[in-house]
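Chemist: Just one file: input-v4.pdb, with PDB, C-alpha atoms.
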ATOM      1  CA  MET N 215       8.525  32.384 -13.684  1.00  0.00           C
ATOM      2  CA  ILE N 216       6.209  29.425 -14.207  1.00  0.00           C
ATOM      3  CA  GLY N 217       3.255  30.104 -16.466  1.00  0.00           C
ATOM      4  CA  VAL N 218      -0.199  28.633 -15.902  1.00  0.00           C
ATOM      5  CA  SER N 219       0.473  26.018 -18.564  1.00  0.00           C
ATOM      6  CA  GLN N 220       3.574  24.828 -16.701  1.00  0.00           C
ATOM      7  CA  LEU N 221       2.211  24.245 -13.228  1.00  0.00           C
ATOM      8  CA  LYS N 222       4.130  21.666 -11.233  1.00  0.00           C
ATOM      9  CA  ILE N 223       1.509  19.103 -10.220  1.00  0.00           C
ATOM     10  CA  VAL N 224       2.656  15.968  -8.450  1.00  0.00           C
ATOM     11  CA  TYR N 225       1.222  12.734  -7.073  1.00  0.00           C
ATOM     12  CA  LEU N 226       2.249  11.255  -3.755  1.00  0.00           C
ATOM     13  CA  GLY N 227       2.482   7.480  -3.493  1.00  0.00           C
ATOM     14  CA  TRP N 228       3.311   4.810  -0.929  1.00  0.00           C
ATOM     15  CA  GLY N 229       1.619   1.643  -2.240  1.00  0.00           C
ATOM     16  CA  SER N 230       0.642  -0.015  -5.519  1.00  0.00           C
ATOM     17  CA  LEU N 231       0.655   3.287  -7.406  1.00  0.00           C
ATOM     18  CA  ILE N 232       4.452   2.942  -7.456  1.00  0.00           C
ATOM     19  CA  TRP N 233       4.747  -0.512  -9.077  1.00  0.00           C
ATOM     20  CA  ASP N 234       1.392  -0.593 -10.851  1.00  0.00           C
ATOM     21  CA  PRO N 235       0.500   2.918 -12.089  1.00  0.00           C
ATOM     22  CA  ARG N 236      -1.753   1.466 -14.827  1.00  0.00           C
ATOM     23  CA  ASN N 237      -3.459   4.402 -16.546  1.00  0.00           C
ATOM     24  CA  LEU N 238      -1.983   7.057 -14.247  1.00  0.00           C
ATOM     25  CA  LYS N 239      -0.286   9.507 -16.575  1.00  0.00           C
ATOM     26  CA  ILE N 240       3.026  10.540 -15.085  1.00  0.00           C
ATOM     27  CA  LYS N 241       6.043  12.181 -16.685  1.00  0.00           C
ATOM     28  CA  SER N 242       8.899  11.295 -14.381  1.00  0.00           C
ATOM     29  CA  GLU N 243      10.283   8.493 -12.276  1.00  0.00           C
ATOM     30  CA  TRP N 244       9.191   8.141  -8.668  1.00  0.00           C
ATOM     31  CA  TYR N 245      11.353  10.200  -6.315  1.00  0.00           C
ATOM     32  CA  TYR N 246      12.060   9.059  -2.781  1.00  0.00           C
ATOM     33  CA  ASP N 247      12.214  12.374  -0.893  1.00  0.00           C
ATOM     34  CA  GLY N 248       8.529  13.072  -0.396  1.00  0.00           C
ATOM     35  CA  PRO N 249       6.958  14.526   2.734  1.00  0.00           C
ATOM     36  CA  PHE N 250       7.003  12.514   5.953  1.00  0.00           C
ATOM     37  CA  LEU N 251       3.487  11.144   6.420  1.00  0.00           C
ATOM     38  CA  PRO N 252       1.860   8.635   8.799  1.00  0.00           C
ATOM     39  CA  VAL N 253       1.143   5.560   6.653  1.00  0.00           C
ATOM     40  CA  GLU N 254       0.399   1.995   7.670  1.00  0.00           C
ATOM     41  CA  PHE N 255      -1.036  -1.263   6.281  1.00  0.00           C
ATOM     42  CA  ALA N 256      -4.404  -0.425   7.796  1.00  0.00           C
ATOM     43  CA  ARG N 257      -7.057  -0.878   5.108  1.00  0.00           C
ATOM     44  CA  ALA N 258      -8.599  -4.244   4.248  1.00  0.00           C
ATOM     45  CA  SER N 259      -9.583  -4.352   0.590  1.00  0.00           C
ATOM     46  CA  LYS N 260     -12.137  -6.613  -1.106  1.00  0.00           C
ATOM     47  CA  ASN N 261      -9.465  -9.001  -2.355  1.00  0.00           C
ATOM     48  CA  GLY N 262      -8.003  -9.481   1.125  1.00  0.00           C
ATOM     49  CA  ARG N 263      -4.976  -7.227   0.822  1.00  0.00           C
ATOM     50  CA  LEU N 264      -4.018  -4.926   3.654  1.00  0.00           C
ATOM     51  CA  THR N 265      -3.195  -1.739   1.799  1.00  0.00           C
ATOM     52  CA  LEU N 266      -1.179   1.278   2.844  1.00  0.00           C
ATOM     53  CA  VAL N 267      -3.220   4.298   3.825  1.00  0.00           C
ATOM     54  CA  LEU N 268      -2.813   7.429   5.884  1.00  0.00           C
ATOM     55  CA  TYR N 269      -3.306   6.464   9.520  1.00  0.00           C
ATOM     56  CA  GLN N 270      -3.284   9.033  12.288  1.00  0.00           C
ATOM     57  CA  TYR N 271      -1.353   6.915  14.797  1.00  0.00           C
ATOM     58  CA  ALA N 272       1.287   5.618  12.390  1.00  0.00           C
ATOM     59  CA  GLU N 273       4.961   6.479  12.396  1.00  0.00           C
ATOM     60  CA  LYS N 274       5.799   9.190   9.846  1.00  0.00           C
ATOM     61  CA  LEU N 275       7.852   7.951   6.902  1.00  0.00           C
ATOM     62  CA  PRO N 276       9.055   9.667   3.707  1.00  0.00           C
ATOM     63  CA  VAL N 277       6.626   8.835   0.920  1.00  0.00           C
ATOM     64  CA  LEU N 278       7.376   8.867  -2.818  1.00  0.00           C
ATOM     65  CA  TRP N 279       6.293  11.389  -5.456  1.00  0.00           C
ATOM     66  CA  THR N 280       6.193  11.906  -9.206  1.00  0.00           C
ATOM     67  CA  TYR N 281       5.132  14.598 -11.663  1.00  0.00           C
ATOM     68  CA  SER N 282       1.680  14.376 -13.214  1.00  0.00           C
ATOM     69  CA  HIS N 283       1.415  14.494 -16.999  1.00  0.00           C
ATOM     70  CA  TYR N 284      -1.356  17.080 -16.601  1.00  0.00           C
ATOM     71  CA  ASN N 285      -1.032  20.843 -16.148  1.00  0.00           C
ATOM     72  CA  GLU N 286      -4.547  21.271 -14.742  1.00  0.00           C
ATOM     73  CA  ILE N 287      -5.251  20.034 -11.244  1.00  0.00           C
ATOM     74  CA  SER N 288      -8.810  18.959 -12.132  1.00  0.00           C
ATOM     75  CA  GLN N 289      -7.492  16.679 -14.918  1.00  0.00           C
ATOM     76  CA  ALA N 290      -4.771  15.251 -12.659  1.00  0.00           C
ATOM     77  CA  ILE N 291      -7.357  14.520  -9.943  1.00  0.00           C
ATOM     78  CA  GLU N 292      -9.670  12.860 -12.472  1.00  0.00           C
ATOM     79  CA  ASN N 293      -6.795  10.694 -13.669  1.00  0.00           C
ATOM     80  CA  LEU N 294      -6.134   9.444 -10.109  1.00  0.00           C
ATOM     81  CA  ILE N 295      -9.879   8.860  -9.537  1.00  0.00           C
ATOM     82  CA  ILE N 296      -9.904   6.562 -12.591  1.00  0.00           C
ATOM     83  CA  ARG N 297      -6.705   4.746 -11.539  1.00  0.00           C
ATOM     84  CA  GLU N 298      -7.990   4.179  -8.008  1.00  0.00           C
ATOM     85  CA  LYS N 299     -11.585   3.394  -9.090  1.00  0.00           C
ATOM     86  CA  THR N 300     -12.848   5.719  -6.392  1.00  0.00           C
ATOM     87  CA  SER N 301     -14.749   8.968  -5.936  1.00  0.00           C
ATOM     88  CA  LYS N 302     -13.522  12.553  -5.835  1.00  0.00           C
ATOM     89  CA  SER N 303     -14.050  12.681  -2.069  1.00  0.00           C
ATOM     90  CA  SER N 304     -11.374   9.973  -1.658  1.00  0.00           C
ATOM     91  CA  ILE N 305      -8.716  11.984  -3.471  1.00  0.00           C
ATOM     92  CA  GLY N 306      -6.674  14.372  -1.393  1.00  0.00           C
ATOM     93  CA  PHE N 307      -5.204  17.488  -2.919  1.00  0.00           C
ATOM     94  CA  LEU N 308      -3.519  20.708  -1.952  1.00  0.00           C
ATOM     95  CA  SER N 309      -3.260  23.667  -4.295  1.00  0.00           C
ATOM     96  CA  ILE N 310      -0.729  26.206  -3.055  1.00  0.00           C
ATOM     97  CA  ASN N 311      -1.708  28.930  -5.559  1.00  0.00           C
ATOM     98  CA  GLU N 312      -5.466  28.636  -5.026  1.00  0.00           C
ATOM     99  CA  ASN N 313      -5.149  27.903  -1.296  1.00  0.00           C
ATOM    100  CA  LYS N 314      -7.584  24.983  -1.652  1.00  0.00           C
ATOM    101  CA  LYS N 315      -7.380  21.489  -0.236  1.00  0.00           C
ATOM    102  CA  ASN N 316      -9.191  18.224   0.407  1.00  0.00           C
ATOM    103  CA  CYS N 317      -7.637  16.238   3.220  1.00  0.00           C
ATOM    104  CA  ASN N 318     -10.017  14.067   5.244  1.00  0.00           C
ATOM    105  CA  ALA N 319      -8.281  10.800   6.220  1.00  0.00           C
ATOM    106  CA  VAL N 320      -5.728  12.549   8.458  1.00  0.00           C
ATOM    107  CA  PRO N 321      -6.376  16.320   8.224  1.00  0.00           C
ATOM    108  CA  SER N 322      -3.195  17.215  10.102  1.00  0.00           C
ATOM    109  CA  VAL N 323      -0.964  16.004   7.227  1.00  0.00           C
ATOM    110  CA  SER N 324      -1.913  18.962   5.055  1.00  0.00           C
ATOM    111  CA  GLU N 325       0.583  21.216   6.871  1.00  0.00           C
ATOM    112  CA  ASN N 326       3.467  18.773   6.269  1.00  0.00           C
ATOM    113  CA  ILE N 327       2.487  18.465   2.617  1.00  0.00           C
ATOM    114  CA  ARG N 328       2.187  22.239   2.218  1.00  0.00           C
ATOM    115  CA  ASN N 329       5.623  22.913   3.736  1.00  0.00           C
ATOM    116  CA  TRP N 330       7.211  20.203   1.593  1.00  0.00           C
ATOM    117  CA  ALA N 331       5.539  21.502  -1.599  1.00  0.00           C
ATOM    118  CA  ILE N 332       6.680  25.075  -0.950  1.00  0.00           C
ATOM    119  CA  GLU N 333      10.231  23.887  -0.330  1.00  0.00           C
ATOM    120  CA  LYS N 334      10.170  21.890  -3.607  1.00  0.00           C
ATOM    121  CA  GLU N 335       8.477  24.742  -5.508  1.00  0.00           C
ATOM    122  CA  ILE N 336       5.532  22.502  -6.349  1.00  0.00           C
ATOM    123  CA  ASP N 337       2.167  24.116  -7.095  1.00  0.00           C
ATOM    124  CA  SER N 338      -0.259  21.260  -6.387  1.00  0.00           C
ATOM    125  CA  VAL N 339      -0.054  17.893  -4.655  1.00  0.00           C
ATOM    126  CA  ILE N 340      -2.525  15.014  -5.128  1.00  0.00           C
ATOM    127  CA  TRP N 341      -2.815  11.712  -3.260  1.00  0.00           C
ATOM    128  CA  THR N 342      -5.225   8.869  -2.471  1.00  0.00           C
ATOM    129  CA  ASP N 343      -6.997   9.962   0.705  1.00  0.00           C
ATOM    130  CA  LEU N 344      -8.405   6.694   2.033  1.00  0.00           C
ATOM    131  CA  SER N 345      -8.521   5.903   5.737  1.00  0.00           C
ATOM    132  CA  SER N 346      -8.230   2.739   7.802  1.00  0.00           C
ATOM    133  CA  ASN N 347     -11.201   0.359   7.809  1.00  0.00           C
ATOM    134  CA  PHE N 348      -9.588  -2.631   9.536  1.00  0.00           C
ATOM    135  CA  GLU N 349     -11.738  -2.465  12.671  1.00  0.00           C
ATOM    136  CA  GLU N 350     -14.910  -1.946  10.647  1.00  0.00           C
ATOM    137  CA  LYS N 351     -14.146  -4.917   8.348  1.00  0.00           C
ATOM    138  CA  THR N 352     -12.811  -7.378  10.915  1.00  0.00           C
ATOM    139  CA  LYS N 353     -14.721  -6.229  14.030  1.00  0.00           C
ATOM    140  CA  LYS N 354     -11.399  -6.377  15.891  1.00  0.00           C
ATOM    141  CA  PRO N 355      -9.021  -3.663  17.152  1.00  0.00           C
ATOM    142  CA  PHE N 356      -6.265  -2.654  14.768  1.00  0.00           C
ATOM    143  CA  ASN N 357      -3.112  -4.027  16.379  1.00  0.00           C
ATOM    144  CA  THR N 358      -0.186  -6.231  15.388  1.00  0.00           C
ATOM    145  CA  ASN N 359      -1.601  -9.490  16.742  1.00  0.00           C
ATOM    146  CA  ASN N 360      -4.952  -9.042  15.005  1.00  0.00           C
ATOM    147  CA  VAL N 361      -3.285  -8.074  11.720  1.00  0.00           C
ATOM    148  CA  ILE N 362      -0.998 -11.135  11.755  1.00  0.00           C
ATOM    149  CA  LYS N 363      -3.961 -13.374  12.580  1.00  0.00           C
ATOM    150  CA  TYR N 364      -6.033 -11.758   9.812  1.00  0.00           C
ATOM    151  CA  LEU N 365      -3.283 -12.417   7.239  1.00  0.00           C
ATOM    152  CA  GLN N 366      -2.665 -15.977   8.454  1.00  0.00           C
ATOM    153  CA  GLU N 367      -6.358 -16.856   8.190  1.00  0.00           C
ATOM    154  CA  LEU N 368      -6.886 -15.566   4.647  1.00  0.00           C
ATOM    155  CA  PRO N 369      -7.766 -18.231   2.060  1.00  0.00           C
ATOM    156  CA  ASP N 370      -4.714 -19.195  -0.016  1.00  0.00           C
ATOM    157  CA  ASN N 371      -5.714 -17.203  -3.103  1.00  0.00           C
ATOM    158  CA  LYS N 372      -6.269 -14.030  -1.075  1.00  0.00           C
ATOM    159  CA  LYS N 373      -3.171 -14.662   1.023  1.00  0.00           C
ATOM    160  CA  GLN N 374      -1.086 -14.715  -2.155  1.00  0.00           C
ATOM    161  CA  ILE N 375      -2.469 -11.297  -3.180  1.00  0.00           C
ATOM    162  CA  ALA N 376      -1.915  -9.878   0.319  1.00  0.00           C
ATOM    163  CA  ARG N 377       1.656 -11.227   0.419  1.00  0.00           C
ATOM    164  CA  GLU N 378       2.464  -9.755  -2.991  1.00  0.00           C
ATOM    165  CA  TYR N 379       1.255  -6.285  -1.964  1.00  0.00           C
ATOM    166  CA  ILE N 380       3.336  -6.209   1.210  1.00  0.00           C
ATOM    167  CA  LYS N 381       6.435  -7.545  -0.539  1.00  0.00           C
ATOM    168  CA  LYS N 382       6.160  -5.071  -3.421  1.00  0.00           C
ATOM    169  CA  ALA N 383       5.611  -2.006  -1.236  1.00  0.00           C
ATOM    170  CA  PRO N 384       8.550   0.423  -1.469  1.00  0.00           C
ATOM    171  CA  LEU N 385      11.325  -0.595   0.895  1.00  0.00           C
ATOM    172  CA  GLN N 386      11.416   2.850   2.521  1.00  0.00           C
ATOM    173  CA  ILE N 387       7.825   2.338   3.698  1.00  0.00           C
ATOM    174  CA  MET N 388       9.131   0.074   6.452  1.00  0.00           C
ATOM    175  CA  THR N 389       6.394   0.554   9.011  1.00  0.00           C
ATOM    176  CA  PRO N 390       6.509  -1.096  12.455  1.00  0.00           C
ATOM    177  CA  LEU N 391       3.687  -3.401  11.363  1.00  0.00           C
ATOM    178  CA  ARG N 392       5.529  -4.395   8.188  1.00  0.00           C
ATOM    179  CA  LYS N 393       8.594  -5.329  10.262  1.00  0.00           C
ATOM    180  CA  GLU N 394       6.424  -7.656  12.359  1.00  0.00           C
ATOM    181  CA  ILE N 395       4.758  -9.175   9.283  1.00  0.00           C
ATOM    182  CA  GLU N 396       8.161  -9.820   7.714  1.00  0.00           C
ATOM    183  CA  LYS N 397       9.510 -11.339  10.923  1.00  0.00           C
ATOM    184  CA  THR N 398       6.464 -13.499  11.660  1.00  0.00           C
ATOM    185  CA  LEU N 399       5.325 -14.484   8.161  1.00  0.00           C
ATOM    186  CA  GLY N 400       8.573 -14.172   6.221  1.00  0.00           C
ATOM    187  CA  TRP N 401       7.090 -11.796   3.661  1.00  0.00           C
ATOM    188  CA  GLU N 402      10.271  -9.815   3.041  1.00  0.00           C
ATOM    189  CA  HIS N 403      10.518  -7.224   0.283  1.00  0.00           C
ATOM    190  CA  GLY N 404      11.209  -8.725  -3.122  1.00  0.00           C
ATOM    191  CA  ILE N 405      11.476 -12.358  -2.002  1.00  0.00           C
ATOM    192  CA  THR N 406       9.340 -14.591  -4.194  1.00  0.00           C
ATOM    193  CA  GLN N 407       9.342 -17.886  -2.294  1.00  0.00           C
ATOM    194  CA  ASN N 408       6.020 -19.099  -0.969  1.00  0.00           C
ATOM    195  CA  SER N 409       5.638 -18.866   2.780  1.00  0.00           C
ATOM    196  CA  ASN N 410       2.761 -18.757   5.200  1.00  0.00           C
TER     197      ASN N 410
END
For this file, write the structure as structure tokens.
Modeler:
Amino acid sequence: MIGVSQLKIVYLGWGSLIWDPRNLKIKSEWYYDGPFLPVEFARASKNGRLTLVLYQYAEKLPVLWTYSHYNEISQAIENLIIREKTSKSSIGFLSINENKKNCNAVPSVSENIRNWAIEKEIDSVIWTDLSSNFEEKTKKPFNTNNVIKYLQELPDNKKQIAREYIKKAPLQIMTPLRKEIEKTLGWEHGITQNSN
């Protein structure tokens, strides 16, 4: 039986958390058999990148997960808040034992996460709960053509950052949009050559 001091708390990841955890304190590698969640390159960040976020209309893909260094959910949440430079409201969590959750970006994913956590005998799951802002930032509908155009029109310095993010994203997060970006812009996973 797991004692309170040995709670299994995990982080879910699908973007830069995987290759750039920074000050996120984890105690295992990233595993590839996470819950199937709808993620897409649907959030425009300040530096021009299109980042992966939960997106209601996206295809569901298996995300990655890792164990948190912390045994208290509040500490693990605080650690992700610091890593993501965000607020508590933008951190999703699900505590099986306490039957508590915060899941705002795509509320329906909480059931998938719960079922997966129970199957894996995990007590609490934490993730970055940001939503799409593409339409708000660009004043254009979120679709493949507008995304490609957005990336093509970025200034060179921002385009380089955007390209790096898409190329470094885990290969299993092969969203329909990513396939089009790779095909149209040549930004394939792991390839370092410069291309527009």
Chemist: Of the candidates N:Val267, N:Ile340, N:Met388, N:Ile380, which shows the shortest atom-to-atom distance to N:Ala319, using all atoms listed in the file?
Modeler: N:Val267
Chemist: Suppose a student applies the PyMOL selection byres ((chain N and resi 331-334) around 12) to this structure; what residues should they get, written as a list of chain:residue names?
Modeler: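 Answer for the PyMOL selection byres ((chain N and resi 331-334) around 12): N:Lys222, N:Ile223, N:Val224, N:Tyr225, N:Leu226, N:Asp247, N:Gly248, N:Pro249, N:Phe250, N:Trp279, N:Tyr281, N:Phe307, N:Leu308, N:Ser309, N:Ile310, N:Asn311, N:Ser324, N:Glu325, N:Asn326, N:Ile327, N:Arg328, N:Asn329, N:Trp330, N:Glu335, N:Ile336, N:Asp337, N:Ser338, N:Val339, N:Ile340.
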Chemist: Step by step, work through what the PyMOL selection byres ((chain N and resi 367-372) around 12) selects in the shown file, and finish by giving those residues as a list in words.
Modeler: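 Against this file, the PyMOL selection byres ((chain N and resi 367-372) around 12) returns the residues Ala258, Ser259, Lys260, Asn261, Gly262, Arg263, Leu264, Thr352, Asn360, Val361, Ile362, Lys363, Tyr364, Leu365, Gln366, Lys373, Gln374, Ile375, Ala376, Arg377, Glu378, Tyr379, Leu399, Asn408, Ser409 and Asn410 of chain N.
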Chemist: Mind working out the centre and edge lengths of an axis-aligned box for stretch 303-316 of chain N, all listed atoms inside, 8 Å added to each side, rounded to one decimal in Å and written as AutoDock Vina command-line options?
Modeler:
--center_x -7.4 --center_y 19.5 --center_z -2.6 --size_x 29.3 --size_y 35.0 --size_z 22.0
Chemist: What does the structure give for the distance between atom CA of N:Thr389 and atom CA of N:Glu254, in Å to one decimal?
Modeler: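 Between these atoms lies a distance of 6.3 Å.
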Chemist: Calculated over all atoms listed in the file, which of the candidates N:Pro276, N:Pro355, N:Gly306, N:Pro235 has the smallest distance to N:Pro321?
Modeler: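 Between N:Pro276, N:Pro355, N:Gly306, N:Pro235, the residue approaching N:Pro321 most closely is N:Gly306.
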Chemist: Quick check, in Å to one decimal: how far apart do atom CA of N:Leu294 and atom CA of N:Arg392 lie?
Modeler: 25.7 Å
Chemist: I need the output of the PyMOL selection byres ((chain N and resi 227) around 8) for this file as a list in words; which residues are they?
Modeler: Tyr225, Leu226, Trp228, Gly229, Ser230, Leu231, Ile232, Val277, Leu278, Trp279, Trp341 and Thr342 of chain N
Chemist: How about saving the chosen residues, C-alpha atoms kept, as a PDB file, keeping the file's coordinate frame?
Modeler:
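Result written to again.pdb:
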ATOM      1  CA  TYR N 225       1.222  12.734  -7.073  1.00  0.00           C
ATOM      2  CA  LEU N 226       2.249  11.255  -3.755  1.00  0.00           C
ATOM      3  CA  TRP N 228       3.311   4.810  -0.929  1.00  0.00           C
ATOM      4  CA  GLY N 229       1.619   1.643  -2.240  1.00  0.00           C
ATOM      5  CA  SER N 230       0.642  -0.015  -5.519  1.00  0.00           C
ATOM      6  CA  LEU N 231       0.655   3.287  -7.406  1.00  0.00           C
ATOM      7  CA  ILE N 232       4.452   2.942  -7.456  1.00  0.00           C
ATOM      8  CA  VAL N 277       6.626   8.835   0.920  1.00  0.00           C
ATOM      9  CA  LEU N 278       7.376   8.867  -2.818  1.00  0.00           C
ATOM     10  CA  TRP N 279       6.293  11.389  -5.456  1.00  0.00           C
ATOM     11  CA  TRP N 341      -2.815  11.712  -3.260  1.00  0.00           C
ATOM     12  CA  THR N 342      -5.225   8.869  -2.471  1.00  0.00           C
TER      13      THR N 342
END
Chemist: Which residue out of N:Gln220, N:Thr265, N:Ser346, N:Gln289 has the minimum interatomic distance to N:Asn318 when all atoms listed in the file are used?
Modeler: N:Ser346
Chemist: Which is closest to N:Phe255 among N:Thr300, N:Thr358, N:Asn313, N:Asn237, if we use only C-alpha atoms?
Modeler: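 Between N:Thr300, N:Thr358, N:Asn313, N:Asn237, the residue approaching N:Phe255 most closely is N:Thr358.
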